[in-house]
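Asks: You'll find final-v7.pdb just under this line, and it carries PDB, C-alpha atoms and all ligand atoms.
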ATOM      1  CA  MET A   1      12.729  17.306  29.700  1.00  0.00           C
ATOM      2  CA  LYS A   2      14.065  15.391  26.761  1.00  0.00           C
ATOM      3  CA  LYS A   3      14.743  16.527  23.280  1.00  0.00           C
ATOM      4  CA  ARG A   4      13.826  13.915  20.714  1.00  0.00           C
ATOM      5  CA  GLU A   5      14.190  13.777  16.978  1.00  0.00           C
ATOM      6  CA  ILE A   6      12.245  11.960  14.330  1.00  0.00           C
ATOM      7  CA  SER A   7      13.862  11.173  11.029  1.00  0.00           C
ATOM      8  CA  ILE A   8      12.559   9.452   7.953  1.00  0.00           C
ATOM      9  CA  SER A   9      14.362   7.844   5.077  1.00  0.00           C
ATOM     10  CA  PHE A  10      13.188   7.499   1.507  1.00  0.00           C
ATOM     11  CA  LEU A  11      14.479   6.634  -1.916  1.00  0.00           C
ATOM     12  CA  GLU A  12      14.783   9.090  -4.765  1.00  0.00           C
ATOM     13  CA  TYR A  13      14.811   7.791  -8.301  1.00  0.00           C
ATOM     14  CA  THR A  14      15.756   9.963 -11.252  1.00  0.00           C
ATOM     15  CA  GLY A  15      12.549   9.046 -13.039  1.00  0.00           C
ATOM     16  CA  ILE A  16       9.925   6.402 -13.651  1.00  0.00           C
ATOM     17  CA  ASP A  17      12.231   4.386 -15.898  1.00  0.00           C
ATOM     18  CA  GLU A  18      14.617   3.776 -13.018  1.00  0.00           C
ATOM     19  CA  LEU A  19      11.928   2.119 -10.858  1.00  0.00           C
ATOM     20  CA  PRO A  20      11.672  -1.632 -10.403  1.00  0.00           C
ATOM     21  CA  GLU A  21       9.113  -3.117 -12.802  1.00  0.00           C
ATOM     22  CA  SER A  22       6.402  -3.670 -10.170  1.00  0.00           C
ATOM     23  CA  ASP A  23       6.590  -0.067  -8.976  1.00  0.00           C
ATOM     24  CA  ARG A  24       6.742   1.272 -12.526  1.00  0.00           C
ATOM     25  CA  SER A  25       3.610  -0.596 -13.547  1.00  0.00           C
ATOM     26  CA  LEU A  26       1.749   0.727 -10.486  1.00  0.00           C
ATOM     27  CA  VAL A  27       2.795   4.274 -11.413  1.00  0.00           C
ATOM     28  CA  GLU A  28       1.429   3.687 -14.907  1.00  0.00           C
ATOM     29  CA  GLU A  29      -1.845   2.567 -13.314  1.00  0.00           C
ATOM     30  CA  ALA A  30      -1.903   5.804 -11.302  1.00  0.00           C
ATOM     31  CA  ILE A  31      -1.249   7.885 -14.422  1.00  0.00           C
ATOM     32  CA  ASN A  32      -4.051   6.065 -16.230  1.00  0.00           C
ATOM     33  CA  ALA A  33      -6.317   6.515 -13.206  1.00  0.00           C
ATOM     34  CA  ALA A  34      -5.966  10.285 -13.547  1.00  0.00           C
ATOM     35  CA  SER A  35      -8.068  10.046 -16.708  1.00  0.00           C
ATOM     36  CA  GLY A  36     -11.018   9.362 -14.400  1.00  0.00           C
ATOM     37  CA  SER A  37     -10.461  12.620 -12.582  1.00  0.00           C
ATOM     38  CA  TYR A  38     -13.195  15.260 -12.424  1.00  0.00           C
ATOM     39  CA  ALA A  39     -11.279  18.489 -11.866  1.00  0.00           C
ATOM     40  CA  PRO A  40     -13.056  21.354 -13.638  1.00  0.00           C
ATOM     41  CA  TYR A  41     -11.855  23.866 -11.040  1.00  0.00           C
ATOM     42  CA  SER A  42      -8.194  23.050 -10.491  1.00  0.00           C
ATOM     43  CA  HIS A  43      -7.479  21.338 -13.829  1.00  0.00           C
ATOM     44  CA  PHE A  44      -5.145  19.243 -11.712  1.00  0.00           C
ATOM     45  CA  ASN A  45      -5.878  15.613 -12.454  1.00  0.00           C
ATOM     46  CA  VAL A  46      -4.616  13.188  -9.859  1.00  0.00           C
ATOM     47  CA  GLY A  47      -4.587   9.432 -10.036  1.00  0.00           C
ATOM     48  CA  ALA A  48      -3.802   6.883  -7.363  1.00  0.00           C
ATOM     49  CA  ALA A  49      -3.342   3.145  -7.672  1.00  0.00           C
ATOM     50  CA  ILE A  50      -3.277   0.780  -4.717  1.00  0.00           C
ATOM     51  CA  MET A  51      -1.755  -2.689  -4.986  1.00  0.00           C
ATOM     52  CA  LEU A  52      -3.417  -5.227  -2.696  1.00  0.00           C
ATOM     53  CA  ASP A  53      -1.751  -8.312  -1.291  1.00  0.00           C
ATOM     54  CA  ASP A  54      -3.474 -10.584  -3.807  1.00  0.00           C
ATOM     55  CA  GLY A  55      -2.258  -8.527  -6.766  1.00  0.00           C
ATOM     56  CA  THR A  56      -5.499  -6.627  -7.283  1.00  0.00           C
ATOM     57  CA  VAL A  57      -5.003  -2.999  -8.308  1.00  0.00           C
ATOM     58  CA  VAL A  58      -7.571  -0.447  -7.141  1.00  0.00           C
ATOM     59  CA  ARG A  59      -7.589   2.919  -8.868  1.00  0.00           C
ATOM     60  CA  GLY A  60      -8.890   6.287  -7.760  1.00  0.00           C
ATOM     61  CA  ALA A  61      -8.967   9.837  -9.057  1.00  0.00           C
ATOM     62  CA  ASN A  62      -9.759  13.210  -7.570  1.00  0.00           C
ATOM     63  CA  VAL A  63     -13.381  14.278  -7.806  1.00  0.00           C
ATOM     64  CA  GLU A  64     -14.025  17.975  -7.288  1.00  0.00           C
ATOM     65  CA  ASN A  65     -17.259  19.721  -6.438  1.00  0.00           C
ATOM     66  CA  ALA A  66     -18.616  23.277  -6.649  1.00  0.00           C
ATOM     67  CA  ALA A  67     -18.862  23.089  -2.861  1.00  0.00           C
ATOM     68  CA  PHE A  68     -15.109  22.651  -2.578  1.00  0.00           C
ATOM     69  CA  PRO A  69     -14.899  20.676   0.698  1.00  0.00           C
ATOM     70  CA  SER A  70     -17.225  18.073  -0.808  1.00  0.00           C
ATOM     71  CA  GLY A  71     -14.594  16.930  -3.263  1.00  0.00           C
ATOM     72  CA  SER A  72     -12.340  13.944  -2.752  1.00  0.00           C
ATOM     73  CA  CYS A  73      -8.665  13.316  -3.391  1.00  0.00           C
ATOM     74  CA  ALA A  74      -7.477  10.483  -5.612  1.00  0.00           C
ATOM     75  CA  GLU A  75      -5.813   8.691  -2.698  1.00  0.00           C
ATOM     76  CA  LYS A  76      -8.950   8.914  -0.566  1.00  0.00           C
ATOM     77  CA  THR A  77     -11.113   7.707  -3.440  1.00  0.00           C
ATOM     78  CA  ALA A  78      -8.870   4.705  -4.082  1.00  0.00           C
ATOM     79  CA  LEU A  79      -8.550   3.842  -0.408  1.00  0.00           C
ATOM     80  CA  SER A  80     -12.277   4.120   0.254  1.00  0.00           C
ATOM     81  CA  TYR A  81     -13.025   1.845  -2.704  1.00  0.00           C
ATOM     82  CA  SER A  82     -10.362  -0.587  -1.557  1.00  0.00           C
ATOM     83  CA  VAL A  83     -11.687  -0.831   1.996  1.00  0.00           C
ATOM     84  CA  ALA A  84     -15.310  -1.031   0.884  1.00  0.00           C
ATOM     85  CA  ASN A  85     -14.788  -3.670  -1.800  1.00  0.00           C
ATOM     86  CA  HIS A  86     -11.720  -5.589  -0.621  1.00  0.00           C
ATOM     87  CA  HIS A  87     -12.134  -5.341   3.115  1.00  0.00           C
ATOM     88  CA  ASP A  88     -10.144  -8.489   3.903  1.00  0.00           C
ATOM     89  CA  LYS A  89      -7.190  -7.594   1.675  1.00  0.00           C
ATOM     90  CA  LYS A  90      -4.162  -5.607   2.699  1.00  0.00           C
ATOM     91  CA  ALA A  91      -2.863  -2.650   0.722  1.00  0.00           C
ATOM     92  CA  VAL A  92       0.863  -3.130   0.117  1.00  0.00           C
ATOM     93  CA  SER A  93       1.669  -0.065  -1.968  1.00  0.00           C
ATOM     94  CA  ILE A  94       0.151   3.088  -3.404  1.00  0.00           C
ATOM     95  CA  ALA A  95       1.354   5.076  -6.395  1.00  0.00           C
ATOM     96  CA  ILE A  96       0.286   8.689  -6.855  1.00  0.00           C
ATOM     97  CA  ALA A  97       0.620  10.740 -10.027  1.00  0.00           C
ATOM     98  CA  ALA A  98      -0.677  14.211 -10.864  1.00  0.00           C
ATOM     99  CA  LEU A  99      -1.221  15.563 -14.349  1.00  0.00           C
ATOM    100  CA  SER A 100      -1.414  19.226 -15.200  1.00  0.00           C
ATOM    101  CA  GLU A 101      -2.851  19.933 -18.645  1.00  0.00           C
ATOM    102  CA  GLY A 102      -2.510  16.225 -19.352  1.00  0.00           C
ATOM    103  CA  VAL A 103       1.198  16.051 -18.538  1.00  0.00           C
ATOM    104  CA  LEU A 104       2.716  14.337 -15.515  1.00  0.00           C
ATOM    105  CA  THR A 105       4.026  16.981 -13.119  1.00  0.00           C
ATOM    106  CA  ASP A 106       7.759  17.518 -13.074  1.00  0.00           C
ATOM    107  CA  GLN A 107       8.044  16.929  -9.342  1.00  0.00           C
ATOM    108  CA  PRO A 108       6.241  14.264  -7.300  1.00  0.00           C
ATOM    109  CA  VAL A 109       3.018  15.377  -5.619  1.00  0.00           C
ATOM    110  CA  PRO A 110       2.645  14.064  -2.068  1.00  0.00           C
ATOM    111  CA  PRO A 111      -0.726  13.297  -0.469  1.00  0.00           C
ATOM    112  CA  CYS A 112      -2.464  15.946   1.626  1.00  0.00           C
ATOM    113  CA  GLY A 113      -2.671  15.649   5.383  1.00  0.00           C
ATOM    114  CA  ASN A 114      -6.180  14.228   5.303  1.00  0.00           C
ATOM    115  CA  CYS A 115      -5.115  11.413   2.987  1.00  0.00           C
ATOM    116  CA  ARG A 116      -2.005  10.749   5.048  1.00  0.00           C
ATOM    117  CA  GLN A 117      -4.235  10.346   8.080  1.00  0.00           C
ATOM    118  CA  MET A 118      -6.441   7.850   6.252  1.00  0.00           C
ATOM    119  CA  LEU A 119      -3.516   5.883   4.843  1.00  0.00           C
ATOM    120  CA  ILE A 120      -1.896   5.590   8.265  1.00  0.00           C
ATOM    121  CA  GLU A 121      -5.090   4.219   9.792  1.00  0.00           C
ATOM    122  CA  GLU A 122      -5.301   1.663   6.992  1.00  0.00           C
ATOM    123  CA  GLU A 123      -1.787   0.535   7.853  1.00  0.00           C
ATOM    124  CA  GLN A 124      -2.887   0.145  11.451  1.00  0.00           C
ATOM    125  CA  ARG A 125      -6.132  -1.612  10.526  1.00  0.00           C
ATOM    126  CA  THR A 126      -4.373  -4.265   8.470  1.00  0.00           C
ATOM    127  CA  GLY A 127      -1.097  -4.318  10.389  1.00  0.00           C
ATOM    128  CA  HIS A 128       0.767  -3.949   7.110  1.00  0.00           C
ATOM    129  CA  PRO A 129       2.903  -1.017   5.935  1.00  0.00           C
ATOM    130  CA  ILE A 130       1.870   0.624   2.659  1.00  0.00           C
ATOM    131  CA  LYS A 131       4.760   1.606   0.417  1.00  0.00           C
ATOM    132  CA  VAL A 132       4.305   5.063  -1.100  1.00  0.00           C
ATOM    133  CA  ILE A 133       5.453   5.837  -4.636  1.00  0.00           C
ATOM    134  CA  LEU A 134       5.219   9.523  -5.602  1.00  0.00           C
ATOM    135  CA  ALA A 135       5.817   9.937  -9.308  1.00  0.00           C
ATOM    136  CA  GLY A 136       7.128  12.951 -11.190  1.00  0.00           C
ATOM    137  CA  GLN A 137       8.846  13.475 -14.539  1.00  0.00           C
ATOM    138  CA  SER A 138      12.144  14.485 -12.952  1.00  0.00           C
ATOM    139  CA  GLY A 139      12.057  12.238  -9.955  1.00  0.00           C
ATOM    140  CA  VAL A 140      10.198   9.586  -8.028  1.00  0.00           C
ATOM    141  CA  THR A 141      10.101   9.443  -4.244  1.00  0.00           C
ATOM    142  CA  VAL A 142       9.533   6.096  -2.529  1.00  0.00           C
ATOM    143  CA  LEU A 143       8.824   5.623   1.165  1.00  0.00           C
ATOM    144  CA  ASP A 144       8.504   2.285   2.949  1.00  0.00           C
ATOM    145  CA  ASN A 145       5.306   3.246   4.730  1.00  0.00           C
ATOM    146  CA  CYS A 146       2.697   5.954   5.200  1.00  0.00           C
ATOM    147  CA  GLN A 147       3.500   6.540   8.857  1.00  0.00           C
ATOM    148  CA  SER A 148       6.717   8.198   7.694  1.00  0.00           C
ATOM    149  CA  LEU A 149       4.614  10.850   5.983  1.00  0.00           C
ATOM    150  CA  MET A 150       3.050  12.025   9.224  1.00  0.00           C
ATOM    151  CA  PRO A 151       5.016  11.551  12.425  1.00  0.00           C
ATOM    152  CA  LEU A 152       3.082  11.989  15.672  1.00  0.00           C
ATOM    153  CA  SER A 153      -0.179  11.424  13.861  1.00  0.00           C
ATOM    154  CA  PHE A 154      -3.493  11.099  15.626  1.00  0.00           C
ATOM    155  CA  THR A 155      -4.423   7.431  15.853  1.00  0.00           C
ATOM    156  CA  ARG A 156      -7.073   5.125  17.270  1.00  0.00           C
ATOM    157  CA  SER A 157      -4.887   4.614  20.323  1.00  0.00           C
ATOM    158  CA  ASN A 158      -5.374   8.306  21.155  1.00  0.00           C
ATOM    159  CA  LEU A 159      -9.063   7.563  21.663  1.00  0.00           C
ATOM    160  CA  VAL A 160      -8.436   4.913  24.305  1.00  0.00           C
ATOM    161  CA  LYS A 161      -8.497   6.147  27.873  1.00  0.00           C
TER     162      LYS A 161
HETATM  163 ZN    ZN B 201      -5.764  14.193  -0.060  1.00  0.00          ZN
END
Could you take the file, read its structure, and then write that structure out as structure tokens?
Ligand SMILES: [Zn+2]
Replies:
Amino acid sequence: MKKREISISFLEYTGIDELPESDRSLVEEAINAASGSYAPYSHFNVGAAIMLDDGTVVRGANVENAAFPSGSCAEKTALSYSVANHHDKKAVSIAIAALSEGVLTDQPVPPCGNCRQMLIEEEQRTGHPIKVILAGQSGVTVLDNCQSLMPLSFTRSNLVK
């Protein structure tokens, strides 16, 4: 028997203004993307913006539904659009911002487990890490890749006998 440990590292910025310009502009895209949100139930408007390797920015927002499981997260919406419309491009970073009553949340809002799973598979599909930028008023968290968000995740390799 062996005891193993998994650790992750990430950057914490004091706010959006402290980010490098490229990351800050992607966060602004995510904030703007939240305006496309349909969230009549939670009133929690989430926006996600994915930067592709050719500079294209793909935006997504959460879309809720009266049948709750039918809704979609902002990250999943953006990623699905990205894969469907820019299949040959690689996602290099994703910014996520949540607005409550039209105001960016104080703390960063991380993606749910389902979205983490999808983002990790996209990293594996393209062979390129996706930087994660989680924006809040009082702080921004930046991780080098999505795999860090979900250690020991289920992957395609688990399906191979
Ligand atoms: Zn999600």
Asks: Could you pull out the residues sitting within 10 Å of ligand ZN 201 (chain B), using all atoms listed in the file, and write them as number ranges by chain?
Replies: A: 46, 62, 71-77, 110-119
Asks: Evaluate the PyMOL selection byres (((chain A and resi 131) around 7) and not hetatm) against this structure - the residues, as a PDB file with C-alpha atoms, in the frame of the given file, please.
Replies:
ATOM      1  CA  VAL A  92       0.863  -3.130   0.117  1.00  0.00           C
ATOM      2  CA  SER A  93       1.669  -0.065  -1.968  1.00  0.00           C
ATOM      3  CA  ILE A  94       0.151   3.088  -3.404  1.00  0.00           C
ATOM      4  CA  PRO A 129       2.903  -1.017   5.935  1.00  0.00           C
ATOM      5  CA  ILE A 130       1.870   0.624   2.659  1.00  0.00           C
ATOM      6  CA  VAL A 132       4.305   5.063  -1.100  1.00  0.00           C
ATOM      7  CA  ILE A 133       5.453   5.837  -4.636  1.00  0.00           C
ATOM      8  CA  LEU A 143       8.824   5.623   1.165  1.00  0.00           C
ATOM      9  CA  ASP A 144       8.504   2.285   2.949  1.00  0.00           C
ATOM     10  CA  ASN A 145       5.306   3.246   4.730  1.00  0.00           C
ATOM     11  CA  CYS A 146       2.697   5.954   5.200  1.00  0.00           C
TER      12      CYS A 146
END
Asks: Ranking A:Met51, A:Glu64, A:Ile120, A:His128 by minimum distance to His86 in chain A and counting only C-alpha atoms, which one comes first?
Replies: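 Of the candidates, the smallest distance to His86 in chain A is held by A:Met51.
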Asks: Identify which of the residues A:Val109, A:Ile96, A:Leu79, A:Met150 lies closest to Leu26 in chain A, counting only C-alpha atoms when measuring atom-to-atom distances.
Replies: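 Checking each of A:Val109, A:Ile96, A:Leu79, A:Met150 against Leu26 in chain A, counting only C-alpha atoms, the winner is A:Ile96.
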Asks: Any idea what the distance is between CA of Ser42 in chain A and CA of Ala95 in chain A?
Replies: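 Result for CA of Ser42 in chain A versus CA of Ala95 in chain A: 20.8 Å, one decimal.
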Asks: Using Å and a single decimal, report how far CA of Ser25 in chain A sits from CA of Ala98 in chain A.
Replies: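 Going from CA of Ala98 in chain A over to CA of Ser25 in chain A covers 15.6 Å.
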Asks: CA of Gly55 in chain A and CA of Gly127 in chain A, how far apart in Å?
Replies: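 So the answer is 17.7 Å.
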Asks: Taking the file above as input, evaluate the PyMOL selection byres (((chain A and resi 106) around 8) and not hetatm) and report the hits as a PyMOL selection string.
Replies: chain A and resi 104-105+107-108+136-139
Asks: Taking only C-alpha atoms into account, which of A:Val160, A:Glu101, A:Gly15, A:Asp88 comes nearest Asp54 in chain A?
Replies: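 Using only C-alpha atoms, the shortest distance to Asp54 in chain A belongs to A:Asp88.
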